[in-house]
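Text of protein14.txt, listed as compact mmCIF, C-alpha atoms and all ligand atoms:
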# COMPACT_ATOMS: atom_id res chain seq x y z
CA MET A 1 12.83 11.46 8.94
CA ILE A 2 11.01 9.29 11.46
CA ARG A 3 9.25 11.36 14.11
CA GLU A 4 9.88 10.71 17.78
CA ASN A 5 7.13 9.97 20.31
CA VAL A 6 4.84 8.38 17.77
CA PRO A 7 3.66 4.79 18.29
CA GLN A 8 5.79 2.59 16.08
CA GLN A 9 3.16 -0.06 15.43
CA VAL A 10 0.83 0.86 12.59
CA ALA A 11 -1.29 -2.26 12.18
CA GLU A 12 -1.59 -5.72 13.65
CA LEU A 13 -3.41 -8.96 12.90
CA VAL A 14 -3.92 -11.36 15.80
CA ASP A 15 -4.84 -14.94 14.85
CA VAL A 16 -6.95 -13.75 11.97
CA THR A 17 -8.88 -16.21 9.83
CA LYS A 18 -10.96 -15.31 6.81
CA GLU A 19 -13.37 -17.75 5.29
CA PHE A 20 -15.33 -17.11 2.12
CA GLY A 21 -18.45 -18.90 0.89
CA PHE A 22 -21.04 -21.19 2.44
CA ASP A 23 -21.37 -24.80 3.54
CA GLY A 24 -20.40 -26.82 0.48
CA GLN A 25 -18.07 -24.20 -1.00
CA ARG A 26 -15.86 -22.84 1.72
CA THR A 27 -12.49 -21.29 1.10
CA LEU A 28 -10.18 -20.52 3.95
CA ALA A 29 -8.35 -17.65 2.30
CA VAL A 30 -6.40 -16.66 5.43
CA ARG A 31 -5.74 -18.99 8.37
CA ASP A 32 -4.59 -18.00 11.85
CA CYS A 33 -2.39 -15.20 10.64
CA SER A 34 -0.65 -12.86 13.05
CA LEU A 35 1.61 -9.99 12.13
CA GLN A 36 2.61 -6.52 13.20
CA VAL A 37 3.76 -3.82 10.84
CA MET A 38 5.74 -0.81 11.97
CA ARG A 39 6.58 2.70 10.90
CA GLY A 40 9.58 2.99 8.61
CA GLU A 41 9.62 -0.60 7.43
CA LEU A 42 8.93 -2.27 4.12
CA VAL A 43 7.35 -5.69 4.60
CA LEU A 44 7.10 -8.01 1.64
CA LEU A 45 4.40 -10.63 1.45
CA LEU A 46 5.43 -13.30 -1.02
CA GLY A 47 3.40 -16.29 -2.08
CA PRO A 48 1.87 -18.15 -5.02
CA SER A 49 -1.43 -17.21 -6.62
CA GLY A 50 -4.34 -17.97 -4.31
CA SER A 51 -2.19 -18.09 -1.17
CA GLY A 52 -4.17 -15.25 0.45
CA LYS A 53 -1.99 -12.16 -0.09
CA THR A 54 -4.71 -9.82 -1.34
CA THR A 55 -7.13 -11.01 1.32
CA LEU A 56 -4.50 -10.34 3.99
CA LEU A 57 -3.97 -6.78 2.71
CA THR A 58 -7.72 -6.10 2.76
CA LEU A 59 -7.89 -7.45 6.33
CA ILE A 60 -5.10 -5.09 7.40
CA ALA A 61 -7.00 -2.20 5.75
CA GLY A 62 -10.27 -3.19 7.43
CA LEU A 63 -11.81 -3.54 3.97
CA THR A 64 -12.67 -7.16 4.76
CA SER A 65 -13.88 -8.23 8.17
CA ALA A 66 -12.18 -11.22 9.77
CA SER A 67 -14.17 -14.43 10.36
CA SER A 68 -12.24 -14.79 13.61
CA GLY A 69 -9.34 -13.08 15.31
CA ASN A 70 -8.64 -9.41 15.64
CA ALA A 71 -7.36 -6.70 13.30
CA VAL A 72 -5.88 -3.56 14.84
CA LEU A 73 -5.43 -0.42 12.78
CA PHE A 74 -3.61 2.60 14.22
CA GLY A 75 -3.86 1.29 17.76
CA ARG A 76 -7.55 0.47 17.71
CA SER A 77 -9.40 -2.73 16.94
CA VAL A 78 -11.11 -2.47 13.55
CA GLU A 79 -14.36 -3.66 15.14
CA GLU A 80 -14.38 -0.62 17.41
CA TYR A 81 -14.52 1.82 14.50
CA SER A 82 -17.94 2.76 13.13
CA GLY A 83 -18.29 2.35 9.36
CA GLU A 84 -17.93 6.09 8.95
CA GLN A 85 -14.83 6.29 11.15
CA LEU A 86 -13.20 3.46 9.29
CA GLN A 87 -13.87 5.15 5.97
CA SER A 88 -12.41 8.38 7.27
CA VAL A 89 -9.31 6.66 8.67
CA ARG A 90 -8.79 4.90 5.36
CA GLY A 91 -9.16 8.16 3.44
CA LYS A 92 -6.71 10.04 5.64
CA ARG A 93 -4.15 7.58 6.93
CA LEU A 94 -4.06 4.70 4.51
CA GLY A 95 -3.09 4.42 0.86
CA PHE A 96 -3.99 1.35 -1.20
CA ILE A 97 -2.12 0.76 -4.44
CA PHE A 98 -3.61 -1.66 -6.94
CA GLN A 99 -2.06 -3.49 -9.83
CA ASN A 100 -4.29 -1.74 -12.35
CA PHE A 101 -3.61 1.80 -11.09
CA LEU A 102 -7.23 3.07 -11.26
CA LEU A 103 -6.23 6.52 -12.53
CA LEU A 104 -8.91 8.72 -14.09
CA ASP A 105 -8.15 8.99 -17.79
CA PHE A 106 -9.88 12.30 -18.38
CA LEU A 107 -7.73 14.13 -15.81
CA THR A 108 -4.04 14.99 -16.05
CA VAL A 109 -1.58 13.50 -13.58
CA VAL A 110 -1.58 16.57 -11.34
CA GLU A 111 -5.38 16.73 -11.47
CA ASN A 112 -5.68 13.04 -10.52
CA ILE A 113 -3.74 13.78 -7.34
CA ALA A 114 -5.39 17.12 -6.62
CA LEU A 115 -8.78 15.41 -6.76
CA VAL A 116 -7.91 13.22 -3.78
CA LEU A 117 -6.93 16.31 -1.79
CA GLN A 118 -10.14 18.07 -2.79
CA PHE A 119 -12.18 15.07 -1.64
CA ALA A 120 -10.40 15.36 1.70
CA GLY A 121 -11.52 18.98 2.00
CA SER A 122 -8.73 21.14 0.54
CA ALA A 123 -9.66 24.04 -1.75
CA ARG A 124 -9.10 23.61 -5.47
CA THR A 125 -6.05 25.87 -5.90
CA GLU A 126 -4.42 24.60 -2.73
CA SER A 127 -5.01 21.00 -3.82
CA ARG A 128 -3.30 21.65 -7.12
CA GLN A 129 -0.33 23.30 -5.46
CA LYS A 130 0.06 20.46 -2.98
CA ALA A 131 -0.25 17.88 -5.77
CA ALA A 132 2.46 19.66 -7.77
CA GLN A 133 4.75 19.77 -4.71
CA LEU A 134 4.25 16.07 -4.07
CA LEU A 135 5.08 15.17 -7.68
CA LYS A 136 8.26 17.22 -7.37
CA LYS A 137 9.24 15.52 -4.13
CA LEU A 138 8.76 12.14 -5.76
CA GLU A 139 10.78 13.28 -8.77
CA ILE A 140 7.97 12.78 -11.27
CA GLU A 141 6.98 16.41 -11.80
CA HIS A 142 7.76 16.05 -15.51
CA LEU A 143 4.60 13.92 -15.77
CA SER A 144 2.29 16.56 -14.24
CA GLU A 145 0.45 17.70 -17.34
CA ARG A 146 0.29 14.32 -19.06
CA PHE A 147 -2.88 12.22 -19.27
CA PRO A 148 -2.68 8.67 -17.88
CA ALA A 149 -3.26 7.09 -21.29
CA SER A 150 0.02 8.56 -22.52
CA LEU A 151 2.11 7.16 -19.66
CA SER A 152 4.09 3.95 -19.53
CA GLN A 153 2.91 1.29 -17.07
CA GLY A 154 5.71 2.11 -14.65
CA GLU A 155 4.97 5.85 -14.82
CA LYS A 156 1.30 5.13 -14.15
CA GLN A 157 2.24 3.09 -11.13
CA ARG A 158 4.44 5.84 -9.72
CA VAL A 159 1.59 8.32 -10.19
CA ALA A 160 -0.76 5.88 -8.44
CA ILE A 161 1.70 5.74 -5.54
CA ALA A 162 1.80 9.55 -5.40
CA ARG A 163 -1.97 9.56 -5.28
CA ALA A 164 -2.07 6.94 -2.54
CA ILE A 165 0.12 9.08 -0.28
CA ALA A 166 -1.34 12.46 -1.26
CA ASN A 167 -3.10 12.76 2.09
CA ASP A 168 0.10 11.89 3.89
CA ALA A 169 -1.01 8.32 4.48
CA GLU A 170 1.02 6.52 7.14
CA LEU A 171 0.27 3.01 5.94
CA ILE A 172 0.77 2.06 2.29
CA LEU A 173 -0.61 -1.27 1.12
CA ALA A 174 0.50 -2.23 -2.37
CA ASP A 175 -0.98 -5.25 -4.15
CA GLU A 176 1.32 -6.57 -6.88
CA PRO A 177 2.65 -3.10 -7.69
CA THR A 178 5.24 -4.39 -10.16
CA ALA A 179 3.23 -7.20 -11.74
CA SER A 180 2.71 -5.63 -15.14
CA LEU A 181 6.09 -3.94 -15.32
CA GLU A 182 9.31 -4.90 -17.02
CA SER A 183 12.47 -4.87 -14.97
CA ALA A 184 13.56 -1.21 -15.05
CA GLN A 185 10.06 0.09 -14.48
CA GLY A 186 9.49 -2.36 -11.67
CA PHE A 187 12.76 -1.28 -10.11
CA ALA A 188 11.70 2.41 -10.21
CA VAL A 189 8.41 1.55 -8.50
CA ILE A 190 9.94 -0.51 -5.72
CA ARG A 191 12.68 2.08 -5.24
CA LEU A 192 9.97 4.67 -4.66
CA LEU A 193 8.14 2.43 -2.17
CA HIS A 194 11.44 1.84 -0.39
CA ARG A 195 12.05 5.60 -0.15
CA LEU A 196 8.60 6.07 1.38
CA ALA A 197 9.57 3.71 4.18
CA LYS A 198 13.16 4.80 4.72
CA GLU A 199 13.04 8.55 4.09
CA TRP A 200 9.44 9.34 4.98
CA GLY A 201 8.96 6.84 7.80
CA LYS A 202 5.91 5.24 6.25
CA CYS A 203 4.87 1.68 6.86
CA VAL A 204 4.80 -0.10 3.50
CA VAL A 205 3.35 -3.58 2.96
CA VAL A 206 3.78 -5.05 -0.50
CA ALA A 207 2.14 -8.27 -1.75
CA SER A 208 3.89 -9.84 -4.71
CA HIS A 209 5.11 -12.86 -6.64
CA ASP A 210 8.17 -10.89 -7.62
CA LEU A 211 11.25 -12.32 -5.91
CA ARG A 212 13.39 -9.37 -7.03
CA LEU A 213 11.64 -7.28 -4.40
CA LYS A 214 13.29 -9.26 -1.59
CA GLU A 215 16.37 -7.11 -1.88
CA PHE A 216 14.40 -4.06 -0.80
CA ALA A 217 12.45 -5.53 2.09
CA ASP A 218 13.21 -5.31 5.79
CA ARG A 219 11.16 -8.45 6.34
CA VAL A 220 9.88 -11.10 3.99
CA LEU A 221 6.77 -13.08 4.97
CA TYR A 222 5.94 -16.14 2.94
CA MET A 223 2.29 -17.08 2.44
CA GLN A 224 1.14 -20.54 1.53
CA ASP A 225 -2.43 -21.85 1.66
CA GLY A 226 -3.57 -18.88 3.71
CA ARG A 227 -0.85 -19.19 6.31
CA ILE A 228 2.15 -17.04 6.97
CA GLY A 229 5.26 -19.19 7.12
CA THR A 230 8.20 -18.41 9.32
CA GLY A 231 9.02 -14.78 8.66
CA ILE A 232 12.58 -14.38 7.60
CA ALA A 233 14.07 -11.24 9.09
CA LYS A 234 16.27 -9.63 6.57
CA GLY A 235 18.15 -6.34 6.72
CA SER A 236 17.63 -4.40 3.53
CA SER A 237 20.83 -4.37 1.58
CA LEU A 238 19.88 -0.95 0.24
CA ASN A 239 19.28 0.78 3.56
CA GLY A 240 20.63 4.27 3.42
CA THR A 241 21.81 4.03 -0.14
CA LEU A 242 18.73 5.19 -1.99
N1 LIG B 301 -14.50 -12.69 -2.42
C1 LIG B 301 -14.11 -13.96 -2.44
N2 LIG B 301 -15.01 -14.96 -2.44
C2 LIG B 301 -14.64 -16.26 -2.43
N3 LIG B 301 -13.37 -16.66 -2.44
C3 LIG B 301 -12.41 -15.72 -2.44
C4 LIG B 301 -12.73 -14.32 -2.44
N4 LIG B 301 -11.57 -13.62 -2.44
C5 LIG B 301 -10.58 -14.54 -2.44
N5 LIG B 301 -11.07 -15.79 -2.43
C6 LIG B 301 -10.29 -17.03 -2.41
O1 LIG B 301 -9.37 -16.95 -1.35
C7 LIG B 301 -8.10 -17.48 -1.74
C8 LIG B 301 -7.02 -16.41 -1.56
O2 LIG B 301 -7.25 -15.40 -2.53
P1 LIG B 301 -6.33 -14.11 -2.66
O3 LIG B 301 -6.92 -13.27 -3.72
O4 LIG B 301 -6.18 -13.52 -1.32
O5 LIG B 301 -4.95 -14.75 -3.12
P2 LIG B 301 -3.63 -14.04 -3.68
O6 LIG B 301 -2.49 -14.64 -2.94
O7 LIG B 301 -3.79 -12.57 -3.64
O8 LIG B 301 -3.58 -14.55 -5.18
P3 LIG B 301 -2.99 -13.80 -6.47
O9 LIG B 301 -1.49 -13.88 -6.36
O10 LIG B 301 -3.51 -14.62 -7.61
O11 LIG B 301 -3.49 -12.39 -6.49
C9 LIG B 301 -8.28 -17.98 -3.15
O12 LIG B 301 -8.56 -19.35 -3.10
C10 LIG B 301 -9.46 -17.21 -3.67
O13 LIG B 301 -10.17 -17.93 -4.65
MG MG B 302 -3.79 -11.07 -5.09
Could you spell out this file's structure in structure tokens?
Ligand SMILES: Nc1ncnc2c1ncn2[C@@H]1O[C@H](COP(=O)(O)OP(=O)(O)OP(=O)(O)O)[C@@H](O)[C@H]1O
Ligand SMILES: [Mg+2]
Amino acid sequence: MIRENVPQQVAELVDVTKEFGFDGQRTLAVRDCSLQVMRGELVLLLGPSGSGKTTLLTLIAGLTSASSGNAVLFGRSVEEYSGEQLQSVRGKRLGFIFQNFLLLDFLTVVENIALVLQFAGSARTESRQKAAQLLKKLEIEHLSERFPASLSQGEKQRVAIARAIANDAELILADEPTASLESAQGFAVIRLLHRLAKEWGKCVVVASHDLRLKEFADRVLYMQDGRIGTGIAKGSSLNGTL
């Protein structure tokens, strides 16, 4: 359910360029990119290796500072946040999902998620209860007591998604979330990301090489050599059916 009276824009990049390296060895990873991402939409960033997808996600998250241009996160320019504020905003309102999951192997699934809530200030028992509720809502409660090492790649990724939204993050940035998954597992992961946008009103931005994901996206942006090509608006064929 998408709440009323809440600003619809979650993040924006305005003519952002990111350059890495020094004189002789410069790489323009992102060039003059502008985009806006909104609540309730799943935006897919497609492009070949090295085209700048990961860099763009880190610019949206304020994890990388732009060489020029402006990045706006939750209505405020990233430059206006202090380092501490930015860290706090990231911890509370933003979930980053990586290809390699980064789950803690010595904790069970439910403990992995409860830990995030504890870091954010919830008491131990409450964190565990909330973590269990979230797993149930995402229909993966059967994995609660398992250790990450015993999970399939797709199950790990769904747990990583649960962890990324444990603090009720509004913006979910997923970098190649289906890259190491075979078809069915990849489908389960993207279906979950799609639900987060459509049922929970989250803003989901997914970077990928995986063309199968196009079916699930509201908008597909193509990246090439650091630039965003003409965005192709595309109504999700699965709207309302998941
Ligand atoms: N920290 C860095 N230092 C120097 N160059 C970098 C750095 N990060 C990225 N680059 C360069 O910027 C360009 C874009 O990289 P990026 O990782 O954003 O691409 P990508 O589209 O995510 O690629 P992939 O699909 O392989 O993950 C590449 O040429 C890369 O080598
Ligand atoms: Mg990448």
Atom CA of Glu41 of chain A to atom CA of Arg163 of chain A, straight-line distance in Å: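 Value for the atom CA of Arg163 of chain A-atom CA of Glu41 of chain A distance: 20.0 Å.
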Coordinates-based distance that separates atom CA of Val14 of chain A from atom CA of Tyr81 of chain A (Å, one decimal):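 Atom CA of Val14 of chain A lies 17.0 Å from atom CA of Tyr81 of chain A.
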Can you write out as a tab-separated table which residues of chain A fall within 12 Å of ligand MG 302 (chain B), alongside each residue's closest atom pair and its distance in Å to one decimal, counting only C-alpha atoms and all ligand atoms and ordering rows by chain and ascending residue number?
residue	atom	partner	partner_atom	distance
A:Ala29	CA	B:MG302	MG	10.9
A:Leu45	CA	B:MG302	MG	10.5
A:Leu46	CA	B:MG302	MG	10.3
A:Gly47	CA	B:MG302	MG	9.4
A:Pro48	CA	B:MG302	MG	9.1
A:Ser49	CA	B:MG302	MG	6.8
A:Gly50	CA	B:MG302	MG	7.0
A:Ser51	CA	B:MG302	MG	8.2
A:Gly52	CA	B:MG302	MG	7.0
A:Lys53	CA	B:MG302	MG	5.4
A:Thr54	CA	B:MG302	MG	4.1
A:Thr55	CA	B:MG302	MG	7.2
A:Leu56	CA	B:MG302	MG	9.1
A:Leu57	CA	B:MG302	MG	8.9
A:Thr58	CA	B:MG302	MG	10.1
A:Ile97	CA	B:MG302	MG	12.0
A:Phe98	CA	B:MG302	MG	9.6
A:Gln99	CA	B:MG302	MG	9.1
A:Asn100	CA	B:MG302	MG	11.8
A:Ala174	CA	B:MG302	MG	10.2
A:Asp175	CA	B:MG302	MG	6.5
A:Glu176	CA	B:MG302	MG	7.0
A:Pro177	CA	B:MG302	MG	10.6
A:Ala179	CA	B:MG302	MG	10.4
A:Val206	CA	B:MG302	MG	10.7
A:Ala207	CA	B:MG302	MG	7.4
A:Ser208	CA	B:MG302	MG	7.8
A:His209	CA	B:MG302	MG	9.2
A:Met223	CA	B:MG302	MG	11.4
A:Gly226	CA	B:MG302	MG	11.8
Top pick for closest residue to Ser180 of chain A, considering A:Leu115, A:Val37, A:Arg31, A:Gln153 and counting all atoms listed in the file: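 Among the listed residues, A:Gln153 lies closest to Ser180 of chain A.
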Spatial neighbours of Ala164 of chain A, max dist 9 Å, all atoms listed in the file, sep filter under 2 positions, as JSON, numbers by chain: {"A": [94, 95, 96, 97, 113, 116, 159, 160, 161, 162, 166, 167, 168, 169, 172]}
Atom-to-atom span, atom CA of Leu107 of chain A and atom CA of Leu151 of chain A, Å: 12.7 Å
Counting only C-alpha atoms and all ligand atoms, the option among A:Leu28, A:Val109, A:Ala149, A:Leu13 closest to ligand LIG 301 (chain B):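 Among the listed residues, A:Leu28 lies closest to ligand LIG 301 (chain B).
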